[in-house]
Every structure is written in C-alpha cells, then in structure tokens.
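Asks: I'd like to ask some things about the structure below.
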Amino acid sequence: MVLAISICFFCACGGGSSGGATVSSTGSGEGTLSLGLVDAPGGDYQAVYVTVKEVRVCRVTGSCDLDDPEDCECRWETVATPRATYNLLELVNGVMATLGSKEIVAGTYNQMRLLLYEDPDDSLNLFGDPHPYPQYLIDEGGTVHAMKVPSGYQSCIKLVHVFDIAEGLTTELLLDFDVADSVVKAGNSGKYLLKPTIKIIDTYYREVVSGEVTTTGNQPLAGATVSAWYVDSEGAWSMAMRTVTDTEGGYRLYLDSGWDQGAESETYKIVVTADAYKPGCQIVEVETDQTYADTDFTLSPADMVTLSGTITGTAPEEEGAYPSEAPVVQVSVSRLMEECAFSPEDYPEDYPVEIASVRVQADGYSEGAAYDSSDGSFSYAYSIQAPAAEGVTHIVTATSEGLQTPDSAYLDAGASFINVDFEF
C-alpha cells in the first residue's frame with residue numbers, strides 16, 4: 001500500500017535515524033525485485049502517455065520505525081531504467097508493462113522513487129506518429145495536449161512503501177498509475193498538468209475481483225469505470241483500485257489494502273459508473289490471495305446533470321510564504337445508495353458512494369483559473385457531469401491538501417444544471 005505520495009525535489013535520497021525502532025535490516029544474500037506498471041484510468045481520453053526514466057528503492061541499513069518509514073537510515077539503489085513511453089490507458093484489466101527486474105540485497109526496503117524522462121522513446125502512438133512530447137494525452141476529439149510536469153524533470157515521485165526482499169525469492173510489485181488523480185485540467189484553459197498519483201500493489205497479498213457490466217438490454221457496456229473502496233485505518237473510505245471495462249464489458253481489479261494489519265478479510269464496495277447510466281454498487285468481502293469472479297453489474301439508462309461553479313480561497317502559508325504552485329482542488333459528487341449501505345450497528349451512518357469527480361488547478365493560462373502567489377489567493381471555475389436521480393440525496397464536496405474543507409452541498413440532482421460554489 002502507498003502510505004504517502006509526494007514530490008521529492010532533486011531526487012534527494014538521504015534519510016535520518018529513528019528514535020522508536022521496530023526493525024533493523026542488514027540484509028543477507030540476494031533476492032529479485034520485479035516491477036510492473038498498471039493504470040487506474042479516468043477522464044475522457046483516447047490515450048495518456050508517460051515516459052519513465054528510472055526507478056530506485058531504498059534498503060533499510062539501520063534502526064527504523066516502520067510507523068514512520070521516511071525517517072529511516074537507508075541505502076538507495078537503481079533497480080529499473082526503462083526510459084520508455086507508455087500509454088497508460090492500455091494497462092488495464094490485467095494488462096501490465098514490465099518496468100524491469102533486478103537481483104538486490106535481501107532485507108527490508110522502505111521507499112521508492114520514480115523519475116520521469118524529458119525525452120520520449122522512438123515508438124509510435126495510436127495514430128502511428130512519433131511521440132510529440134514525453135508526457136501528453138490525446139482527448140476524445142483526437143487533439144494532442146502536452147502535460148506540464150510542475151516540479152520539472154529534476155524531481156522524482158516519492159513513494160513510501162515497506163516491503164521485504166527474501167533471499168532466493170522474487171518479490172513482485174505493481175505501480176498503479178492513477179490517471180484520474182494524476183491528470184489535472186487547469187480550469188477552463190484547455191491546459192493539462194501531470195501530478196502523478198501512484199499506488200503500490202504487493203502481489204503476494206493480491207486478490208482479484210472480476211466480472212461483466214451490461215445494460216438492461218443485456219448488451220456489454222464498454223468504457224464503464226469500476227472502482228473498489230475500503231475503510232482505511234482512520235475510518236474513511238479510500239479507493240483501492242479502479243479500471244475500465246473492455247469491449248465485452250469485462251473488468252478485472254487487483255486489490256491490496258489492509259492485509260499488513262493482520263486482517264483475515266476485507267470488505268469492499270465495488271462501484272460502477274458510466275456516462276448516461278445509473279451507477280451500480282455491491283458489497284464484496286474478500287480474503288487474501290483469492291479470486292472473486294462473476295461480480296457482475298447491470299446498469300440502466302439515466303439522464304446526465306451538469307454541476308458547475310467557482311472555487312475561491314487562500315493557499316496555506318509555508319514557512320511564512322505562500323507556495324509557488326497553486327493548490328489542487330478535487331470536486332466529487334457522491335450519492336447515498338441503499339444497496340451499498342452497511343448495517344447500522346457497525347456504522348452510525350450510510351456512507352455515500354462517489355459517482356463522479358474532477359481535479360482543477362490554476363496555471364496562469366485562463367481567467368477562469370487564477371492564482372496569486374504573493375497573497376495565496378486563488379479562483380477556479382469547474383464543471384462536472386453526473387447521472388441525474390430525482391429524489392435521491394447527492395453530496396458535493398471540494399477538498400485540497402492543507403486547507404480546511406468547506407461545507408459540503410446536499411442536493412437533489414434531478415435538474416439539468418446545478419450551480420455549487422465553494423470557498424476555502
């Protein structure tokens with residue numbers, strides 16, 4: 001599991017020492033680390049291309065408190081140098097790209113770094129053309145959009161994840177690159193930013209949930225989003241993984257959440273959404289290293305409702321100054337669904353199911369998305385579509401890291417257009 005994701009400037013790989021040690025790893029012999037890349041897709045795109053330069057891992061060399069794995073003495077090693085361009089939207093439903101494998105010293109590892117590359121490889125994109133940019137997307141209309149990496153190519157993606165390499169054995173880790181959370185549209189400017197969000201799935205604890213999504217006419221529904229949600233250690237619903245259905249309506253989810261906490265089983269909400277269809281939801285209880293096939297869904301048609309508005313606020317100060325980058329704000333629409341309500345003796349309220357979301361950020365290109373780093377003020381315009389359902393409670397929320405979350409809006413999403421504004 002990913003315990004934390006952030007940008008590590010200049011790929012600094014130093015570590016400190018911990019006062020509350022629970023493990024000390026010196027390593028003996030060698031084992032193999034195998035790395036794969038998969039995608040949790042999102043957004044209306046034909047393709048999303050990223051170019052990966054290298055992956056590094058850090059082996060614990062001294063005292064380490066695994067409750068705070070960043071504060072550990074460790075030694076860095078490069079384990080993969082693919083320098084390859086990948087279309088993330090091809091890496092779904094069990095399809096994965098191999099980043100590399102390497103024999104490394106056995107022991108406990110606590111961190112990983114992934115570095116993007118500033119030059120694409122010499123392969124061709126879905127149009128049969130050379131890649132015009134190292135990181136870019138192709139929208140539904142076939143237009144190519146470069147994705148700016150705000151932190152630049154001298155920075156790396158920092159992943160905090162504890163795993164063990166055993167002598168003579170192979171450990172397989174999957175890097176789940178979440179397109180929906182990684183691709184940020186800068187207001188209404190038509191510009192896109194890449195702020196990578198990656199989860200790590202340890203296949204030793206992997207469970208597989210699969211099935212088919214069809215319409216009420218028993219026709220396969222391609223392109224539907226299927227996501228799995230679980231209750232995290234803080235009691236909040238967190239997404240474990242998501243994928244999209246193939247041309248036959250099939251899907252496949254790899255799940256890995258709370259097994260390191262000693263749980264014998266884990267309860268998930270499996271949620272299915274698609275444009276112009278009502279969402280579906282099932283509760284599935286899984287056990288480690290098991291397969292749950294035939295988790296099927298049938299969706300019925302629905303009208304779509306547009307929610308839009310403005311988001312204003314002030315970015316949090318950092319050491320007496322406002323950040324140079326504008327805050328990223330995520331707007332999500334959830335609804336209460338009876339088929340996915342837990343028993344009241346276990347939970348005091350019905351937890352809503354997310355059915356749509358969008359991330360926005362200012363980048364200086366649009367009047368609809370402005371940010372002033374001198375005083376931290378920002379103003380964004382957003383728009384999001386969700387399946388309408390008259391008489392059903394919908395909850396619209398806006399969140400941003402480091403900022404106090406404004407009150408959610410509770411509404412009946414039966415109208416064709418709804419305005420919801422947020423102020424941080």
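Residues are referred to by chain and number: the chain letter is A, B, ... according to the order shown in the structure tokens, the number counts from 1 in that chain, and ligands are numbered separately from 1 in the order shown.
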Can you pull out every residue within 8 Å of Tyr277 (chain A), counting only C-alpha atoms, but drop anything in the same chain fewer than 3 positions away, and send it as a list in words?
Replies: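 Once the nearby chain positions are removed, what remains is Thr273, Ala274, Leu299, Ser300, Pro301, Ala302, Asp303 and Pro387 of chain A.
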Asks: Could you list, with a cut-off of 12 Å and counting only C-alpha atoms, the residues of region 198-311 of chain A near region 104-124 of chain A, each shown with its nearest atom pair and the distance in Å rounded to one decimal, rows sorted by chain and ascending number, as a Markdown table?
Replies:
```
| residue | atom | partner | partner_atom | distance |
| --- | --- | --- | --- | --- |
| A:Ile198 | CA | A:Leu114 | CA | 9.7 |
| A:Lys199 | CA | A:Met112 | CA | 11.2 |
| A:Ile200 | CA | A:Met112 | CA | 9.8 |
```
Asks: Suppose we keep N, CA and C atoms; can you now write the selection as an mmCIF file, in the first residue's frame?
Replies:
```cif
data_model
loop_
_atom_site.group_PDB
_atom_site.id
_atom_site.type_symbol
_atom_site.label_atom_id
_atom_site.label_comp_id
_atom_site.auth_asym_id
_atom_site.auth_seq_id
_atom_site.Cartn_x
_atom_site.Cartn_y
_atom_site.Cartn_z
ATOM 1 N N ILE A 198 0.366 7.563 -7.517
ATOM 2 C CA ILE A 198 0.692 6.157 -7.763
ATOM 3 C C ILE A 198 0.480 5.355 -6.480
ATOM 4 N N LYS A 199 -0.176 4.215 -6.603
ATOM 5 C CA LYS A 199 -0.291 3.264 -5.511
ATOM 6 C C LYS A 199 0.584 2.053 -5.824
ATOM 7 N N ILE A 200 1.066 1.404 -4.776
ATOM 8 C CA ILE A 200 1.867 0.195 -4.957
ATOM 9 C C ILE A 200 1.061 -1.009 -4.476
#
```
Asks: When you draw a straight line from CA of Cys72 (chain A) to CA of Val55 (chain A), how long is it in Å?
Replies: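 CA of Val55 (chain A) lies at a distance of 19.2 Å from CA of Cys72 (chain A).
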Asks: Please identify all polymer residues within 8 Å of Lys185 (chain A), counting only C-alpha atoms, omitting same-chain residues fewer than 4 positions from it, and present them as an mmCIF file with all heavy atoms, in the first residue's frame.
Replies:
```cif
data_model
loop_
_atom_site.group_PDB
_atom_site.id
_atom_site.type_symbol
_atom_site.label_atom_id
_atom_site.label_comp_id
_atom_site.auth_asym_id
_atom_site.auth_seq_id
_atom_site.Cartn_x
_atom_site.Cartn_y
_atom_site.Cartn_z
ATOM 1 N N SER A 189 -8.899 26.407 -19.195
ATOM 2 C CA SER A 189 -7.865 26.898 -20.105
ATOM 3 C C SER A 189 -7.551 25.934 -21.246
ATOM 4 O O SER A 189 -6.948 26.322 -22.236
ATOM 5 C CB SER A 189 -6.568 27.157 -19.326
ATOM 6 O OG SER A 189 -6.035 25.933 -18.849
ATOM 7 N N GLY A 190 -7.940 24.666 -21.090
ATOM 8 C CA GLY A 190 -7.557 23.665 -22.078
ATOM 9 C C GLY A 190 -6.157 23.137 -21.869
ATOM 10 O O GLY A 190 -5.680 22.308 -22.652
ATOM 11 N N LYS A 191 -5.476 23.595 -20.817
ATOM 12 C CA LYS A 191 -4.132 23.120 -20.494
ATOM 13 C C LYS A 191 -4.218 21.998 -19.465
ATOM 14 O O LYS A 191 -5.143 21.949 -18.649
ATOM 15 C CB LYS A 191 -3.275 24.265 -19.947
ATOM 16 C CG LYS A 191 -3.178 25.475 -20.868
ATOM 17 C CD LYS A 191 -2.415 25.151 -22.137
ATOM 18 C CE LYS A 191 -2.263 26.389 -23.009
ATOM 19 N NZ LYS A 191 -1.506 26.118 -24.253
ATOM 20 N N TYR A 192 -3.229 21.108 -19.485
ATOM 21 C CA TYR A 192 -3.216 19.968 -18.578
ATOM 22 C C TYR A 192 -1.892 19.887 -17.838
ATOM 23 O O TYR A 192 -0.826 20.155 -18.407
ATOM 24 C CB TYR A 192 -3.448 18.666 -19.349
ATOM 25 C CG TYR A 192 -4.837 18.543 -19.924
ATOM 26 C CD1 TYR A 192 -5.137 19.085 -21.169
ATOM 27 C CD2 TYR A 192 -5.852 17.895 -19.226
ATOM 28 C CE1 TYR A 192 -6.416 18.978 -21.713
ATOM 29 C CE2 TYR A 192 -7.125 17.788 -19.754
ATOM 30 C CZ TYR A 192 -7.399 18.334 -20.991
ATOM 31 O OH TYR A 192 -8.665 18.228 -21.511
ATOM 32 N N LEU A 193 -1.977 19.489 -16.571
ATOM 33 C CA LEU A 193 -0.808 19.279 -15.732
ATOM 34 C C LEU A 193 -0.727 17.807 -15.352
ATOM 35 O O LEU A 193 -1.757 17.132 -15.233
ATOM 36 C CB LEU A 193 -0.886 20.129 -14.460
ATOM 37 C CG LEU A 193 -1.163 21.628 -14.635
ATOM 38 C CD1 LEU A 193 -1.316 22.286 -13.283
ATOM 39 C CD2 LEU A 193 -0.069 22.287 -15.437
ATOM 40 N N ARG A 359 -10.523 17.175 -10.925
ATOM 41 C CA ARG A 359 -9.461 17.918 -10.247
ATOM 42 C C ARG A 359 -9.118 19.143 -11.081
ATOM 43 O O ARG A 359 -8.975 19.041 -12.306
ATOM 44 C CB ARG A 359 -8.220 17.031 -10.074
ATOM 45 C CG ARG A 359 -8.371 15.996 -8.978
ATOM 46 C CD ARG A 359 -7.383 14.874 -9.147
ATOM 47 N NE ARG A 359 -6.002 15.284 -9.085
ATOM 48 C CZ ARG A 359 -5.250 15.316 -7.976
ATOM 49 N NH1 ARG A 359 -5.790 14.973 -6.827
ATOM 50 N NH2 ARG A 359 -3.984 15.676 -8.026
ATOM 51 N N VAL A 360 -8.977 20.291 -10.416
ATOM 52 C CA VAL A 360 -8.671 21.535 -11.124
ATOM 53 C C VAL A 360 -7.540 22.265 -10.412
ATOM 54 O O VAL A 360 -7.326 22.118 -9.210
ATOM 55 C CB VAL A 360 -9.907 22.458 -11.226
ATOM 56 C CG1 VAL A 360 -10.971 21.850 -12.118
ATOM 57 C CG2 VAL A 360 -10.477 22.751 -9.838
ATOM 58 N N GLN A 361 -6.802 23.070 -11.200
ATOM 59 C CA GLN A 361 -5.710 23.861 -10.665
ATOM 60 C C GLN A 361 -5.447 25.023 -11.615
ATOM 61 O O GLN A 361 -5.641 24.904 -12.827
ATOM 62 C CB GLN A 361 -4.438 23.026 -10.512
ATOM 63 C CG GLN A 361 -3.277 23.792 -9.884
ATOM 64 C CD GLN A 361 -2.004 22.957 -9.829
ATOM 65 O OE1 GLN A 361 -1.782 22.104 -10.665
ATOM 66 N NE2 GLN A 361 -1.164 23.212 -8.844
#
```
Asks: Need to verify the contact set: Val329 (chain A), 12 Å, only C-alpha atoms, exclusion of same-chain residues closer than 2 positions in sequence. Can you return it as a PyMOL selection string?
Replies: chain A and resi 181+184-187+310-315+326-327+331-332+357-362+369+378-382+397-406+422-424
Asks: Write out the residues from the selection above, keeping C-alpha atoms, as a PDB file, in the first residue's frame.
Replies:
```pdb
ATOM      1  CA  ASP A 181      -5.989  11.773  -9.988  1.00  0.00           C
ATOM      2  CA  VAL A 184      -5.194  17.896 -13.711  1.00  0.00           C
ATOM      3  CA  LYS A 185      -7.084  20.245 -16.007  1.00  0.00           C
ATOM      4  CA  ALA A 186      -6.118  23.874 -15.391  1.00  0.00           C
ATOM      5  CA  GLY A 187      -9.560  25.435 -15.054  1.00  0.00           C
ATOM      6  CA  THR A 310     -16.422  28.662  -8.752  1.00  0.00           C
ATOM      7  CA  ILE A 311     -13.861  27.756  -6.115  1.00  0.00           C
ATOM      8  CA  THR A 312     -12.103  30.526  -4.177  1.00  0.00           C
ATOM      9  CA  GLY A 313      -9.745  30.633  -1.220  1.00  0.00           C
ATOM     10  CA  THR A 314      -6.242  31.244   0.072  1.00  0.00           C
ATOM     11  CA  ALA A 315      -3.404  28.735  -0.086  1.00  0.00           C
ATOM     12  CA  ALA A 326      -1.445  26.813  -6.928  1.00  0.00           C
ATOM     13  CA  PRO A 327      -3.384  24.321  -4.778  1.00  0.00           C
ATOM     14  CA  VAL A 331     -14.564  18.211  -6.525  1.00  0.00           C
ATOM     15  CA  SER A 332     -16.514  14.987  -6.068  1.00  0.00           C
ATOM     16  CA  SER A 357     -15.034  13.677  -9.631  1.00  0.00           C
ATOM     17  CA  VAL A 358     -12.772  16.269 -11.232  1.00  0.00           C
ATOM     18  CA  ARG A 359      -9.461  17.918 -10.247  1.00  0.00           C
ATOM     19  CA  VAL A 360      -8.671  21.535 -11.124  1.00  0.00           C
ATOM     20  CA  GLN A 361      -5.710  23.861 -10.665  1.00  0.00           C
ATOM     21  CA  ALA A 362      -4.637  27.292 -11.922  1.00  0.00           C
ATOM     22  CA  ALA A 369      -8.348  29.664 -13.089  1.00  0.00           C
ATOM     23  CA  PHE A 378      -6.947  31.523  -5.945  1.00  0.00           C
ATOM     24  CA  SER A 379     -10.134  31.335  -8.001  1.00  0.00           C
ATOM     25  CA  TYR A 380     -11.107  28.380 -10.197  1.00  0.00           C
ATOM     26  CA  ALA A 381     -14.039  27.508 -12.410  1.00  0.00           C
ATOM     27  CA  TYR A 382     -15.100  23.855 -12.580  1.00  0.00           C
ATOM     28  CA  THR A 397     -17.580  18.211  -1.754  1.00  0.00           C
ATOM     29  CA  ALA A 398     -14.389  20.121  -2.507  1.00  0.00           C
ATOM     30  CA  THR A 399     -11.065  19.164  -0.893  1.00  0.00           C
ATOM     31  CA  SER A 400      -7.486  20.405  -1.109  1.00  0.00           C
ATOM     32  CA  GLU A 401      -4.423  19.241   0.828  1.00  0.00           C
ATOM     33  CA  GLY A 402      -3.525  21.584   3.678  1.00  0.00           C
ATOM     34  CA  LEU A 403      -6.799  23.532   3.535  1.00  0.00           C
ATOM     35  CA  GLN A 404      -9.841  23.242   5.765  1.00  0.00           C
ATOM     36  CA  THR A 405     -12.620  21.548   3.807  1.00  0.00           C
ATOM     37  CA  PRO A 406     -15.645  23.826   3.200  1.00  0.00           C
ATOM     38  CA  PHE A 422     -17.042  26.624  -2.660  1.00  0.00           C
ATOM     39  CA  GLU A 423     -14.885  28.943  -0.549  1.00  0.00           C
ATOM     40  CA  PHE A 424     -11.826  27.635   1.323  1.00  0.00           C
TER      41      PHE A 424
END
```
Asks: With only C-alpha atoms as the basis for distance, which of A:Gln46, A:Ser34, A:Thr51, A:Ser155 is at the shortest distance from Lys102 (chain A)?
Replies: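 Among A:Gln46, A:Ser34, A:Thr51, A:Ser155, it is A:Ser34 that comes nearest to Lys102 (chain A).
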Asks: Could you list, as an NGL selection string, every residue within 7 Å of Thr245 (chain A), counting only C-alpha atoms and ignoring same-chain residues fewer than 2 positions away?
Replies: :A and (222-225 or 243 or 247 or 249-251)
Asks: Create the file for the chosen residues now, containing N, CA and C atoms and written as a PDB file, in the first residue's frame.
Replies:
```pdb
ATOM      1  N   ALA A 222     -19.022  -1.169 -22.648  1.00  0.00           N
ATOM      2  CA  ALA A 222     -17.591  -0.883 -22.679  1.00  0.00           C
ATOM      3  C   ALA A 222     -17.321   0.513 -22.131  1.00  0.00           C
ATOM      4  N   GLY A 223     -16.154   0.702 -21.523  1.00  0.00           N
ATOM      5  CA  GLY A 223     -15.740   2.014 -21.049  1.00  0.00           C
ATOM      6  C   GLY A 223     -16.333   2.441 -19.725  1.00  0.00           C
ATOM      7  N   ALA A 224     -17.031   1.551 -19.025  1.00  0.00           N
ATOM      8  CA  ALA A 224     -17.546   1.881 -17.689  1.00  0.00           C
ATOM      9  C   ALA A 224     -16.395   1.846 -16.684  1.00  0.00           C
ATOM     10  N   THR A 225     -16.434   2.720 -15.697  1.00  0.00           N
ATOM     11  CA  THR A 225     -15.400   2.755 -14.656  1.00  0.00           C
ATOM     12  C   THR A 225     -15.820   1.883 -13.485  1.00  0.00           C
ATOM     13  N   THR A 243     -10.563   0.492 -12.665  1.00  0.00           N
ATOM     14  CA  THR A 243     -10.240   0.120 -14.027  1.00  0.00           C
ATOM     15  C   THR A 243     -11.428   0.483 -14.900  1.00  0.00           C
ATOM     16  N   THR A 247     -14.158  -4.068 -24.379  1.00  0.00           N
ATOM     17  CA  THR A 247     -15.210  -4.038 -25.399  1.00  0.00           C
ATOM     18  C   THR A 247     -16.309  -5.061 -25.137  1.00  0.00           C
ATOM     19  N   GLY A 249     -17.368  -5.655 -22.060  1.00  0.00           N
ATOM     20  CA  GLY A 249     -17.946  -5.308 -20.766  1.00  0.00           C
ATOM     21  C   GLY A 249     -17.235  -5.930 -19.583  1.00  0.00           C
ATOM     22  N   GLY A 250     -16.122  -6.607 -19.824  1.00  0.00           N
ATOM     23  CA  GLY A 250     -15.405  -7.281 -18.744  1.00  0.00           C
ATOM     24  C   GLY A 250     -14.464  -6.355 -17.993  1.00  0.00           C
ATOM     25  N   TYR A 251     -14.176  -6.704 -16.745  1.00  0.00           N
ATOM     26  CA  TYR A 251     -13.227  -5.939 -15.942  1.00  0.00           C
ATOM     27  C   TYR A 251     -12.491  -6.877 -15.000  1.00  0.00           C
TER      28      TYR A 251
END
```
Asks: Please identify the strand (DSSP E) residues within region 137-314 of chain A (assignment by DSSP from backbone atoms) and present them as a short mmCIF file (atom, residue, chain, number, x, y, z; two decimals) with C-alpha atoms, in the first residue's frame.
Replies:
```
data_model
loop_
_atom_site.label_atom_id
_atom_site.label_comp_id
_atom_site.auth_asym_id
_atom_site.auth_seq_id
_atom_site.Cartn_x
_atom_site.Cartn_y
_atom_site.Cartn_z
CA LEU A 137 -2.68 12.99 -23.74
CA ILE A 138 -5.00 12.63 -26.72
CA ASP A 139 -8.54 13.78 -25.99
CA VAL A 144 -2.92 16.22 -28.61
CA HIS A 145 -2.25 18.08 -25.35
CA ALA A 146 1.18 18.26 -23.73
CA MET A 147 1.10 17.69 -19.96
CA LYS A 148 3.30 20.02 -17.98
CA CYS A 156 11.10 12.49 -8.65
CA ILE A 157 7.89 10.89 -7.46
CA LYS A 158 8.34 9.75 -3.88
CA LEU A 159 6.54 6.59 -2.75
CA VAL A 160 6.63 5.40 0.85
CA HIS A 161 6.05 1.64 0.90
CA VAL A 162 7.59 -1.03 3.14
CA PHE A 163 8.40 -4.39 1.53
CA ASP A 164 10.82 -7.27 2.04
CA ILE A 165 13.21 -8.96 -0.37
CA THR A 170 11.12 -12.92 -6.30
CA THR A 171 9.02 -10.06 -4.94
CA GLU A 172 6.60 -8.55 -7.48
CA LEU A 173 5.27 -5.02 -7.04
CA LEU A 174 2.77 -3.28 -9.32
CA LEU A 175 2.84 0.50 -9.66
CA ASP A 176 -0.77 1.59 -10.19
CA PHE A 177 -0.63 4.95 -12.01
CA ASP A 178 -3.98 6.67 -11.38
CA VAL A 183 -4.07 14.46 -14.86
CA VAL A 184 -5.19 17.90 -13.71
CA LYS A 185 -7.08 20.25 -16.01
CA TYR A 192 -3.22 19.97 -18.58
CA LEU A 193 -0.81 19.28 -15.73
CA LEU A 194 0.68 15.94 -14.69
CA ILE A 198 0.69 6.16 -7.76
CA LYS A 199 -0.29 3.26 -5.51
CA ILE A 200 1.87 0.19 -4.96
CA ILE A 201 0.22 -3.23 -5.01
CA ASP A 202 2.10 -6.12 -3.45
CA GLU A 207 -6.98 -10.55 -4.50
CA VAL A 208 -8.79 -10.45 -7.82
CA VAL A 209 -12.38 -9.32 -8.33
CA SER A 210 -13.72 -9.65 -11.87
CA GLY A 211 -16.98 -9.72 -13.77
CA GLU A 212 -19.04 -8.17 -16.54
CA VAL A 213 -21.02 -4.94 -16.86
CA THR A 214 -24.06 -4.96 -19.13
CA THR A 215 -27.01 -2.70 -19.92
CA THR A 225 -15.40 2.76 -14.66
CA VAL A 226 -15.20 0.08 -11.95
CA SER A 227 -13.65 1.03 -8.59
CA ALA A 228 -13.09 -0.73 -5.27
CA TRP A 229 -13.34 1.14 -1.95
CA TYR A 230 -12.41 0.07 1.59
CA VAL A 231 -12.41 1.65 5.06
CA TRP A 237 -13.49 5.35 2.57
CA SER A 238 -10.41 5.07 0.36
CA MET A 239 -10.09 3.82 -3.20
CA ALA A 240 -8.03 0.64 -3.54
CA MET A 241 -8.04 0.48 -7.36
CA ARG A 242 -10.12 1.24 -10.42
CA THR A 243 -10.24 0.12 -14.03
CA VAL A 244 -12.49 0.38 -17.09
CA GLY A 250 -15.41 -7.28 -18.74
CA TYR A 251 -13.23 -5.94 -15.94
CA ARG A 252 -10.54 -7.16 -13.54
CA LEU A 253 -9.41 -5.50 -10.29
CA TYR A 254 -6.28 -6.28 -8.25
CA LEU A 255 -6.91 -5.43 -4.61
CA SER A 265 -10.69 -10.45 5.34
CA GLU A 266 -11.52 -7.06 3.91
CA THR A 267 -14.88 -5.60 2.93
CA TYR A 268 -15.05 -3.58 -0.28
CA LYS A 269 -17.63 -1.54 -2.10
CA ILE A 270 -17.37 -2.28 -5.81
CA VAL A 271 -18.80 0.75 -7.66
CA VAL A 272 -19.57 1.01 -11.38
CA THR A 273 -20.24 4.31 -13.18
CA ALA A 274 -20.76 5.23 -16.84
CA TYR A 277 -26.26 5.29 -16.86
CA LYS A 278 -27.26 4.93 -13.22
CA PRO A 279 -24.36 3.78 -11.02
CA GLY A 280 -24.18 0.29 -9.58
CA CYS A 281 -22.74 -0.91 -6.28
CA GLN A 282 -22.09 -4.22 -4.50
CA ILE A 283 -20.51 -5.13 -1.18
CA VAL A 284 -17.87 -7.87 -1.51
CA GLU A 285 -15.92 -9.44 1.35
CA VAL A 286 -12.61 -10.86 0.17
CA GLU A 287 -9.84 -12.95 1.70
CA THR A 291 -10.33 -14.74 -6.78
CA TYR A 292 -13.91 -13.43 -6.93
CA PHE A 297 -23.49 -5.46 -12.81
CA THR A 298 -26.45 -4.37 -14.95
CA LEU A 299 -26.83 -0.60 -15.41
CA MET A 304 -26.90 13.46 -17.03
CA VAL A 305 -26.86 16.57 -14.86
CA THR A 306 -24.16 19.26 -15.03
CA LEU A 307 -22.78 20.76 -11.84
CA SER A 308 -20.52 23.78 -12.09
CA GLY A 309 -19.40 26.76 -10.09
CA THR A 310 -16.42 28.66 -8.75
CA ILE A 311 -13.86 27.76 -6.11
CA THR A 312 -12.10 30.53 -4.18
CA GLY A 313 -9.75 30.63 -1.22
CA THR A 314 -6.24 31.24 0.07
#
```
Asks: Which value, in Å to one decimal, gives the distance between CA of Trp76 (chain A) and CA of Leu99 (chain A)?
Replies: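 CA of Leu99 (chain A) lies at a distance of 17.7 Å from CA of Trp76 (chain A).
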Asks: In Å, how far is it from CA of Val60 (chain A) to CA of Gly36 (chain A)?
Replies: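 Interatomic distance, CA of Val60 (chain A) to CA of Gly36 (chain A): 22.4 Å.
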Asks: Considering only C-alpha atoms, state which residue in the set A:Val50, A:Val328, A:Leu88, A:Ala276 is at the smallest distance from Pro132 (chain A).
Replies: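 The closest residue to Pro132 (chain A) is A:Val50.
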